[in-house]
>>> print(open('model_24.cif').read())   # mmCIF, C-alpha atoms
data_target
loop_
_atom_site.group_PDB
_atom_site.id
_atom_site.type_symbol
_atom_site.label_atom_id
_atom_site.label_comp_id
_atom_site.auth_asym_id
_atom_site.auth_seq_id
_atom_site.Cartn_x
_atom_site.Cartn_y
_atom_site.Cartn_z
ATOM 1 C CA MET M 1 125.621 68.946 163.257
ATOM 2 C CA THR M 2 127.368 71.332 165.572
ATOM 3 C CA ALA M 3 130.130 71.607 168.170
ATOM 4 C CA GLU M 4 130.822 74.100 170.919
ATOM 5 C CA LEU M 5 133.849 76.371 171.109
ATOM 6 C CA VAL M 6 135.231 77.677 174.396
ATOM 7 C CA PHE M 7 136.919 81.075 174.549
ATOM 8 C CA VAL M 8 140.399 80.661 176.065
ATOM 9 C CA GLY M 9 141.353 84.340 176.242
ATOM 10 C CA HIS M 10 141.140 87.494 174.127
ATOM 11 C CA ILE M 11 143.127 89.749 171.828
ATOM 12 C CA LYS M 12 143.982 93.335 172.709
ATOM 13 C CA THR M 13 144.245 95.701 169.731
ATOM 14 C CA ALA M 14 143.950 99.446 169.033
ATOM 15 C CA TYR M 15 140.739 98.949 167.017
ATOM 16 C CA LEU M 16 137.354 99.627 168.599
ATOM 17 C CA THR M 17 135.138 99.017 165.564
ATOM 18 C CA THR M 18 135.364 96.554 162.671
ATOM 19 C CA ALA M 19 135.555 99.550 160.286
ATOM 20 C CA GLN M 20 138.883 100.548 161.884
ATOM 21 C CA CYS M 21 140.426 97.086 161.470
ATOM 22 C CA PRO M 22 143.020 96.542 158.733
ATOM 23 C CA GLY M 23 142.475 93.712 156.252
ATOM 24 C CA GLN M 24 145.214 91.476 157.665
ATOM 25 C CA ALA M 25 147.752 91.224 160.492
ATOM 26 C CA ARG M 26 150.641 93.467 159.422
ATOM 27 C CA PRO M 27 153.995 94.265 161.076
ATOM 28 C CA GLU M 28 153.773 97.920 159.963
ATOM 29 C CA ASN M 29 150.734 98.429 162.216
ATOM 30 C CA GLY M 30 152.733 97.873 165.426
ATOM 31 C CA THR M 31 151.797 95.223 167.947
ATOM 32 C CA SER M 32 148.815 93.531 169.582
ATOM 33 C CA ARG M 33 148.592 91.480 172.739
ATOM 34 C CA ILE M 34 147.228 87.985 173.234
ATOM 35 C CA VAL M 35 145.841 87.426 176.736
ATOM 36 C CA VAL M 36 145.252 83.802 177.721
ATOM 37 C CA ASP M 37 142.836 83.139 180.591
ATOM 38 C CA ASP M 38 144.556 81.883 183.761
ATOM 39 C CA GLU M 39 142.977 78.439 183.546
ATOM 40 C CA TYR M 40 144.572 77.855 180.101
ATOM 41 C CA ALA M 41 147.898 79.653 180.711
ATOM 42 C CA SER M 42 149.954 76.465 181.127
ATOM 43 C CA ALA M 43 149.151 75.586 177.485
ATOM 44 C CA LEU M 44 151.526 78.468 176.518
ATOM 45 C CA ASP M 45 154.564 76.709 178.023
ATOM 46 C CA ASP M 46 157.397 76.087 175.531
ATOM 47 C CA LEU M 47 156.449 78.955 173.203
ATOM 48 C CA ASN M 48 159.367 81.375 172.862
ATOM 49 C CA VAL M 49 160.098 84.937 171.789
ATOM 50 C CA GLY M 50 160.829 84.927 168.053
ATOM 51 C CA ASP M 51 158.513 81.996 167.322
ATOM 52 C CA HIS M 52 155.927 82.396 164.583
ATOM 53 C CA ILE M 53 152.477 81.197 165.567
ATOM 54 C CA GLN M 54 149.112 80.693 163.905
ATOM 55 C CA VAL M 55 146.413 82.335 166.008
ATOM 56 C CA LEU M 56 142.785 81.252 165.676
ATOM 57 C CA TYR M 57 140.174 83.676 166.993
ATOM 58 C CA TRP M 58 136.464 84.393 166.632
ATOM 59 C CA PHE M 59 134.967 87.243 164.594
ATOM 60 C CA ASP M 60 131.931 87.452 166.870
ATOM 61 C CA GLN M 61 130.336 90.329 164.944
ATOM 62 C CA ALA M 62 130.405 88.518 161.588
ATOM 63 C CA ASP M 63 127.262 87.694 159.600
ATOM 64 C CA ARG M 64 127.246 83.891 159.485
ATOM 65 C CA SER M 65 124.489 83.629 156.871
ATOM 66 C CA VAL M 66 126.681 85.030 154.075
ATOM 67 C CA LEU M 67 127.870 82.623 151.315
ATOM 68 C CA LYS M 68 128.729 85.247 148.665
ATOM 69 C CA THR M 69 130.523 88.518 149.388
ATOM 70 C CA VAL M 70 132.411 91.359 147.742
ATOM 71 C CA PRO M 71 135.869 91.396 149.368
ATOM 72 C CA LYS M 72 137.392 94.670 150.627
ATOM 73 C CA TRP M 73 140.150 94.438 147.997
ATOM 74 C CA SER M 74 137.776 93.825 145.068
ATOM 75 C CA GLU M 75 138.460 95.981 142.008
ATOM 76 C CA ASN M 76 135.302 95.013 140.096
ATOM 77 C CA ASN M 77 132.766 94.778 142.954
ATOM 78 C CA LYS M 78 132.042 91.212 141.889
ATOM 79 C CA GLU M 79 130.608 88.826 144.475
ATOM 80 C CA ARG M 80 132.739 85.800 145.288
ATOM 81 C CA GLY M 81 132.092 82.586 147.213
ATOM 82 C CA VAL M 82 133.188 83.267 150.818
ATOM 83 C CA PHE M 83 135.523 80.230 150.815
ATOM 84 C CA SER M 84 137.545 82.033 148.105
ATOM 85 C CA THR M 85 137.929 85.086 150.391
ATOM 86 C CA ARG M 86 139.246 85.767 153.880
ATOM 87 C CA SER M 87 136.229 87.953 154.718
ATOM 88 C CA PRO M 88 134.959 87.684 158.325
ATOM 89 C CA ALA M 89 131.461 86.912 156.974
ATOM 90 C CA ARG M 90 131.206 83.103 156.589
ATOM 91 C CA PRO M 91 129.364 80.178 158.214
ATOM 92 C CA ASN M 92 132.083 79.687 160.866
ATOM 93 C CA PRO M 93 133.832 83.053 161.378
ATOM 94 C CA ILE M 94 137.108 81.591 162.615
ATOM 95 C CA ALA M 95 139.878 84.121 161.984
ATOM 96 C CA LEU M 96 143.438 83.020 161.298
ATOM 97 C CA SER M 97 146.630 85.081 161.401
ATOM 98 C CA THR M 98 150.283 84.113 161.405
ATOM 99 C CA VAL M 99 152.214 86.434 163.731
ATOM 100 C CA GLU M 100 155.586 86.686 165.486
ATOM 101 C CA ILE M 101 155.975 86.605 169.272
ATOM 102 C CA PHE M 102 157.880 89.703 170.502
ATOM 103 C CA SER M 103 157.562 89.142 174.251
ATOM 104 C CA ILE M 104 155.957 86.784 176.753
ATOM 105 C CA ASP M 105 154.960 87.856 180.278
ATOM 106 C CA GLU M 106 153.201 84.962 181.990
ATOM 107 C CA ASN M 107 149.800 84.685 180.256
ATOM 108 C CA VAL M 108 150.266 87.729 177.965
ATOM 109 C CA MET M 109 152.178 87.727 174.662
ATOM 110 C CA THR M 110 153.013 90.774 172.552
ATOM 111 C CA VAL M 111 152.775 89.887 168.836
ATOM 112 C CA THR M 112 152.547 91.381 165.338
ATOM 113 C CA ALA M 113 149.562 93.768 165.062
ATOM 114 C CA MET M 114 146.423 91.783 164.324
ATOM 115 C CA ASP M 115 143.279 92.673 162.318
ATOM 116 C CA CYS M 116 140.456 92.426 164.869
ATOM 117 C CA ILE M 117 138.691 94.654 167.369
ATOM 118 C CA ASP M 118 139.867 94.960 170.957
ATOM 119 C CA GLY M 119 138.549 92.104 173.082
ATOM 120 C CA THR M 120 138.107 89.587 170.262
ATOM 121 C CA PRO M 121 137.785 86.045 171.697
ATOM 122 C CA LEU M 122 140.801 83.727 171.380
ATOM 123 C CA LEU M 123 140.281 80.101 170.272
ATOM 124 C CA ASP M 124 143.668 78.481 169.703
ATOM 125 C CA ILE M 125 147.386 78.967 169.111
ATOM 126 C CA LYS M 126 149.577 76.639 167.036
ATOM 127 C CA PRO M 127 153.271 76.804 166.133
ATOM 128 C CA TYR M 128 153.610 77.868 162.495
ATOM 129 C CA ILE M 129 154.914 75.300 160.036
ATOM 130 C CA ASN M 130 155.405 75.890 156.329
ATOM 131 C CA GLN M 131 153.257 73.197 154.747
ATOM 132 C CA LEU M 132 154.056 74.294 151.180
ATOM 133 C CA LYS M 133 157.796 73.554 151.258
ATOM 134 C CA ARG M 134 158.698 70.091 152.369
ATOM 135 C CA MET Q 1 131.963 82.089 177.133
ATOM 136 C CA THR Q 2 131.227 79.890 174.171
ATOM 137 C CA ALA Q 3 130.116 79.925 170.544
ATOM 138 C CA GLU Q 4 128.606 77.278 168.299
ATOM 139 C CA LEU Q 5 130.239 75.857 165.193
ATOM 140 C CA VAL Q 6 128.238 74.424 162.309
ATOM 141 C CA PHE Q 7 129.637 71.582 160.217
ATOM 142 C CA VAL Q 8 129.610 72.605 156.536
ATOM 143 C CA GLY Q 9 130.777 69.311 155.038
ATOM 144 C CA HIS Q 10 133.329 66.579 155.672
ATOM 145 C CA ILE Q 11 136.720 65.279 154.609
ATOM 146 C CA LYS Q 12 137.207 61.934 152.899
ATOM 147 C CA THR Q 13 140.512 60.213 153.620
ATOM 148 C CA ALA Q 14 141.935 56.676 153.596
ATOM 149 C CA TYR Q 15 142.287 56.656 157.412
ATOM 150 C CA LEU Q 16 139.697 54.893 159.567
ATOM 151 C CA THR Q 17 141.345 55.416 162.975
ATOM 152 C CA THR Q 18 143.360 58.264 164.463
ATOM 153 C CA ALA Q 19 146.278 55.836 164.903
ATOM 154 C CA GLN Q 20 146.471 55.464 161.098
ATOM 155 C CA CYS Q 21 146.587 59.229 160.469
ATOM 156 C CA PRO Q 22 149.903 60.829 159.497
ATOM 157 C CA GLY Q 23 151.138 63.790 161.537
ATOM 158 C CA GLN Q 24 150.447 66.399 158.851
ATOM 159 C CA ALA Q 25 148.924 66.838 155.397
ATOM 160 C CA ARG Q 26 151.595 65.588 152.965
ATOM 161 C CA PRO Q 27 151.693 65.388 149.159
ATOM 162 C CA GLU Q 28 153.512 62.040 149.275
ATOM 163 C CA ASN Q 29 150.437 60.417 150.850
ATOM 164 C CA GLY Q 30 148.272 60.934 147.770
ATOM 165 C CA THR Q 31 145.014 62.853 147.868
ATOM 166 C CA SER Q 32 141.955 63.475 150.022
ATOM 167 C CA ARG Q 33 138.560 64.863 149.108
ATOM 168 C CA ILE Q 34 136.704 67.775 150.656
ATOM 169 C CA VAL Q 35 132.923 67.402 150.376
ATOM 170 C CA VAL Q 36 130.903 70.564 151.042
ATOM 171 C CA ASP Q 37 127.243 70.144 151.965
ATOM 172 C CA ASP Q 38 124.839 71.276 149.225
ATOM 173 C CA GLU Q 39 123.521 74.209 151.248
ATOM 174 C CA TYR Q 40 127.042 75.692 151.488
ATOM 175 C CA ALA Q 41 128.305 74.729 148.010
ATOM 176 C CA SER Q 42 127.958 78.227 146.534
ATOM 177 C CA ALA Q 43 130.634 79.432 149.000
ATOM 178 C CA LEU Q 44 133.154 77.429 146.894
ATOM 179 C CA ASP Q 45 132.619 79.624 143.821
ATOM 180 C CA ASP Q 46 135.799 81.329 142.557
ATOM 181 C CA LEU Q 47 138.171 78.723 143.973
ATOM 182 C CA ASN Q 48 140.271 77.198 141.179
ATOM 183 C CA VAL Q 49 142.407 74.145 140.463
ATOM 184 C CA GLY Q 50 145.989 74.930 141.492
ATOM 185 C CA ASP Q 51 144.956 77.269 144.330
ATOM 186 C CA HIS Q 52 146.418 76.673 147.762
ATOM 187 C CA ILE Q 53 143.854 76.786 150.540
ATOM 188 C CA GLN Q 54 143.837 76.684 154.326
ATOM 189 C CA VAL Q 55 141.304 74.109 155.487
ATOM 190 C CA LEU Q 56 139.857 74.277 159.006
ATOM 191 C CA TYR Q 57 138.260 71.101 160.324
ATOM 192 C CA TRP Q 58 137.249 69.551 163.638
ATOM 193 C CA PHE Q 59 139.148 66.781 165.425
ATOM 194 C CA ASP Q 60 135.971 65.452 167.030
ATOM 195 C CA GLN Q 61 137.744 62.605 168.834
ATOM 196 C CA ALA Q 62 140.273 64.877 170.575
ATOM 197 C CA ASP Q 63 140.542 65.177 174.369
ATOM 198 C CA ARG Q 64 139.682 68.840 175.026
ATOM 199 C CA SER Q 65 140.804 68.798 178.663
ATOM 200 C CA VAL Q 66 144.500 68.451 177.788
ATOM 201 C CA LEU Q 67 146.810 71.481 178.364
ATOM 202 C CA LYS Q 68 150.141 69.599 178.359
ATOM 203 C CA THR Q 69 151.059 66.809 175.968
ATOM 204 C CA VAL Q 70 153.989 64.818 174.595
ATOM 205 C CA PRO Q 71 153.964 65.405 170.813
ATOM 206 C CA LYS Q 72 154.306 62.473 168.389
ATOM 207 C CA TRP Q 73 157.672 63.805 167.190
ATOM 208 C CA SER Q 74 159.129 64.252 170.685
ATOM 209 C CA GLU Q 75 162.636 62.866 171.131
ATOM 210 C CA ASN Q 76 162.811 63.280 174.902
ATOM 211 C CA ASN Q 77 159.207 62.422 175.893
ATOM 212 C CA LYS Q 78 158.950 65.822 177.591
ATOM 213 C CA GLU Q 79 155.501 67.322 178.035
ATOM 214 C CA ARG Q 80 154.875 70.637 176.276
ATOM 215 C CA GLY Q 81 152.115 73.220 176.480
ATOM 216 C CA VAL Q 82 149.555 72.275 173.813
ATOM 217 C CA PHE Q 83 149.739 75.767 172.235
ATOM 218 C CA SER Q 84 153.385 74.972 171.378
ATOM 219 C CA THR Q 85 152.299 71.806 169.545
ATOM 220 C CA ARG Q 86 149.918 70.941 166.705
ATOM 221 C CA SER Q 87 148.538 67.962 168.639
ATOM 222 C CA PRO Q 88 144.787 67.331 168.178
ATOM 223 C CA ALA Q 89 144.357 67.401 171.982
ATOM 224 C CA ARG Q 90 143.629 71.035 172.984
ATOM 225 C CA PRO Q 91 140.711 73.109 174.329
ATOM 226 C CA ASN Q 92 139.359 73.834 170.821
ATOM 227 C CA PRO Q 93 140.474 70.980 168.527
ATOM 228 C CA ILE Q 94 140.344 73.011 165.317
ATOM 229 C CA ALA Q 95 142.665 71.392 162.771
ATOM 230 C CA LEU Q 96 144.414 73.454 160.117
ATOM 231 C CA SER Q 97 146.125 72.268 156.950
ATOM 232 C CA THR Q 98 147.370 74.103 153.888
ATOM 233 C CA VAL Q 99 146.693 72.019 150.777
ATOM 234 C CA GLU Q 100 146.565 72.338 146.994
ATOM 235 C CA ILE Q 101 143.377 71.925 144.951
ATOM 236 C CA PHE Q 102 143.843 69.244 142.252
ATOM 237 C CA SER Q 103 140.279 69.114 140.924
ATOM 238 C CA ILE Q 104 136.838 70.567 141.585
ATOM 239 C CA ASP Q 105 133.604 68.738 140.699
ATOM 240 C CA GLU Q 106 130.643 70.797 141.921
ATOM 241 C CA ASN Q 107 130.750 70.473 145.744
ATOM 242 C CA VAL Q 108 133.716 68.040 145.893
ATOM 243 C CA MET Q 109 137.383 69.036 145.692
ATOM 244 C CA THR Q 110 140.351 66.683 145.431
ATOM 245 C CA VAL Q 111 143.290 68.064 147.444
ATOM 246 C CA THR Q 112 146.655 67.114 148.981
ATOM 247 C CA ALA Q 113 146.290 64.125 151.348
ATOM 248 C CA MET Q 114 145.170 65.350 154.748
ATOM 249 C CA ASP Q 115 145.883 64.032 158.277
ATOM 250 C CA CYS Q 116 142.453 63.153 159.656
ATOM 251 C CA ILE Q 117 140.092 60.178 159.728
ATOM 252 C CA ASP Q 118 137.481 59.623 157.042
ATOM 253 C CA GLY Q 119 134.366 61.689 157.697
ATOM 254 C CA THR Q 120 136.030 64.427 159.758
ATOM 255 C CA PRO Q 121 133.740 67.507 159.952
ATOM 256 C CA LEU Q 122 134.669 70.526 157.800
ATOM 257 C CA LEU Q 123 134.511 74.015 159.325
ATOM 258 C CA ASP Q 124 135.982 76.514 156.864
ATOM 259 C CA ILE Q 125 138.125 77.074 153.781
ATOM 260 C CA LYS Q 126 140.245 80.179 153.145
ATOM 261 C CA PRO Q 127 142.575 81.094 150.287
ATOM 262 C CA TYR Q 128 146.188 80.733 151.457
ATOM 263 C CA ILE Q 129 148.215 83.894 151.813
ATOM 264 C CA ASN Q 130 151.828 84.041 152.943
ATOM 265 C CA GLN Q 131 151.668 86.324 155.964
ATOM 266 C CA LEU Q 132 155.385 86.035 156.712
ATOM 267 C CA LYS Q 133 156.652 87.672 153.504
ATOM 268 C CA ARG Q 134 155.173 91.062 152.740
#
>>> encode(input="model_24.cif", output="structure tokens")
Amino acid sequence: MTAELVFVGHIKTAYLTTAQCPGQARPENGTSRIVVDDEYASALDDLNVGDHIQVLYWFDQADRSVLKTVPKWSENNKERGVFSTRSPARPNPIALSTVEIFSIDENVMTVTAMDCIDGTPLLDIKPYINQLKR
Amino acid sequence: MTAELVFVGHIKTAYLTTAQCPGQARPENGTSRIVVDDEYASALDDLNVGDHIQVLYWFDQADRSVLKTVPKWSENNKERGVFSTRSPARPNPIALSTVEIFSIDENVMTVTAMDCIDGTPLLDIKPYINQLKR
């Protein structure tokens, strides 16, 4: 069974190829921008500078047939099940980063530098909650 | 633009209607089970009991046309942009919970009780990393 995703915007980064992308979103890499399409912009209301958000986006160049992979950080080159890695290659290449909002200008937010190529499709934004400490 | 998701399994919970579902995954509600379809089961290799994972799943009953909503926890009944809430209603109703693995039996994992109805489609599993403390 399947379902259809709609792209609600895109992510602007300094990376033009997947080889240039860092392994994770990292503050030391500067900033990225999240651009929400005009028709979805009102869904951003009530987000604020300083908030931490979980951003879901779509690794559209990923190989979706991969179930075993050697992660970038592997020290023994051993294959692992993709659900035990955060590799882009997986049946549903939904990417997930937790980032901080540095500025908001209408439908564009500046956030912690992300790990994807420029133009990567945006799927969703959620306010971050710590689900491990309650 | 759009992309197609494939369902890779489902989530077994005690909840038969969305009205019965709690607002978030919570340890005090017991456990749920994640069932991965046989064809994707090898992607689970290298996950272990005690690991924390981020589970992505699909709120297939959600209203995808909603951009403003009053969250369950609202005290003033004020509408908010859906990207500032974790409400199921949103353009791409991808649900996200961080849970602990309590047991693994081939393609079935017992985890922290989740917040969705029985049979909810599974999209992805990733190992949890704390992206706010590096």
>>> interface_residues(input="model_24.cif", of="chain M", to="chain Q", cutoff="7 Å", atoms="all atoms listed in the file", output="MDAnalysis selection string")
chainID M and resid 1:7 40 42:47 67:68 80:86 92 98 123:127 131
>>> write_last_selection(input="model_24.cif", atoms="C-alpha atoms", output="PDB file, keeping the file's coordinate frame")
ATOM      1  CA  MET M   1     125.621  68.946 163.257  1.00  0.00           C
ATOM      2  CA  THR M   2     127.368  71.332 165.572  1.00  0.00           C
ATOM      3  CA  ALA M   3     130.130  71.607 168.170  1.00  0.00           C
ATOM      4  CA  GLU M   4     130.822  74.100 170.919  1.00  0.00           C
ATOM      5  CA  LEU M   5     133.849  76.371 171.109  1.00  0.00           C
ATOM      6  CA  VAL M   6     135.231  77.677 174.396  1.00  0.00           C
ATOM      7  CA  PHE M   7     136.919  81.075 174.549  1.00  0.00           C
ATOM      8  CA  TYR M  40     144.572  77.855 180.101  1.00  0.00           C
ATOM      9  CA  SER M  42     149.954  76.465 181.127  1.00  0.00           C
ATOM     10  CA  ALA M  43     149.151  75.586 177.485  1.00  0.00           C
ATOM     11  CA  LEU M  44     151.526  78.468 176.518  1.00  0.00           C
ATOM     12  CA  ASP M  45     154.564  76.709 178.023  1.00  0.00           C
ATOM     13  CA  ASP M  46     157.397  76.087 175.531  1.00  0.00           C
ATOM     14  CA  LEU M  47     156.449  78.955 173.203  1.00  0.00           C
ATOM     15  CA  LEU M  67     127.870  82.623 151.315  1.00  0.00           C
ATOM     16  CA  LYS M  68     128.729  85.247 148.665  1.00  0.00           C
ATOM     17  CA  ARG M  80     132.739  85.800 145.288  1.00  0.00           C
ATOM     18  CA  GLY M  81     132.092  82.586 147.213  1.00  0.00           C
ATOM     19  CA  VAL M  82     133.188  83.267 150.818  1.00  0.00           C
ATOM     20  CA  PHE M  83     135.523  80.230 150.815  1.00  0.00           C
ATOM     21  CA  SER M  84     137.545  82.033 148.105  1.00  0.00           C
ATOM     22  CA  THR M  85     137.929  85.086 150.391  1.00  0.00           C
ATOM     23  CA  ARG M  86     139.246  85.767 153.880  1.00  0.00           C
ATOM     24  CA  ASN M  92     132.083  79.687 160.866  1.00  0.00           C
ATOM     25  CA  THR M  98     150.283  84.113 161.405  1.00  0.00           C
ATOM     26  CA  LEU M 123     140.281  80.101 170.272  1.00  0.00           C
ATOM     27  CA  ASP M 124     143.668  78.481 169.703  1.00  0.00           C
ATOM     28  CA  ILE M 125     147.386  78.967 169.111  1.00  0.00           C
ATOM     29  CA  LYS M 126     149.577  76.639 167.036  1.00  0.00           C
ATOM     30  CA  PRO M 127     153.271  76.804 166.133  1.00  0.00           C
ATOM     31  CA  GLN M 131     153.257  73.197 154.747  1.00  0.00           C
TER      32      GLN M 131
END
>>> atom_distance(input="model_24.cif", atom1="atom CA of M:Leu122", atom2="atom CA of Q:Val70")
23.3 Å
>>> resolve_selection(input="model_24.cif", expression="the PyMOL selection byres ((chain Q and resi 118) around 12)", output="list of chain:residue names")
Q:Gly9, Q:His10, Q:Ile11, Q:Lys12, Q:Thr13, Q:Ala14, Q:Tyr15, Q:Leu16, Q:Thr17, Q:Thr18, Q:Gln20, Q:Cys21, Q:Ser32, Q:Arg33, Q:Ile34, Q:Val35, Q:Tyr57, Q:Trp58, Q:Phe59, Q:Asp60, Q:Ala113, Q:Met114, Q:Asp115, Q:Cys116, Q:Ile117, Q:Gly119, Q:Thr120, Q:Pro121, Q:Leu122
>>> atom_distance(input="model_24.cif", atom1="atom CA of M:Gly23", atom2="atom CA of M:Asn76")
17.7 Å
>>> atom_distance(input="model_24.cif", atom1="atom CA of Q:Phe102", atom2="atom CA of M:Pro71")
24.6 Å
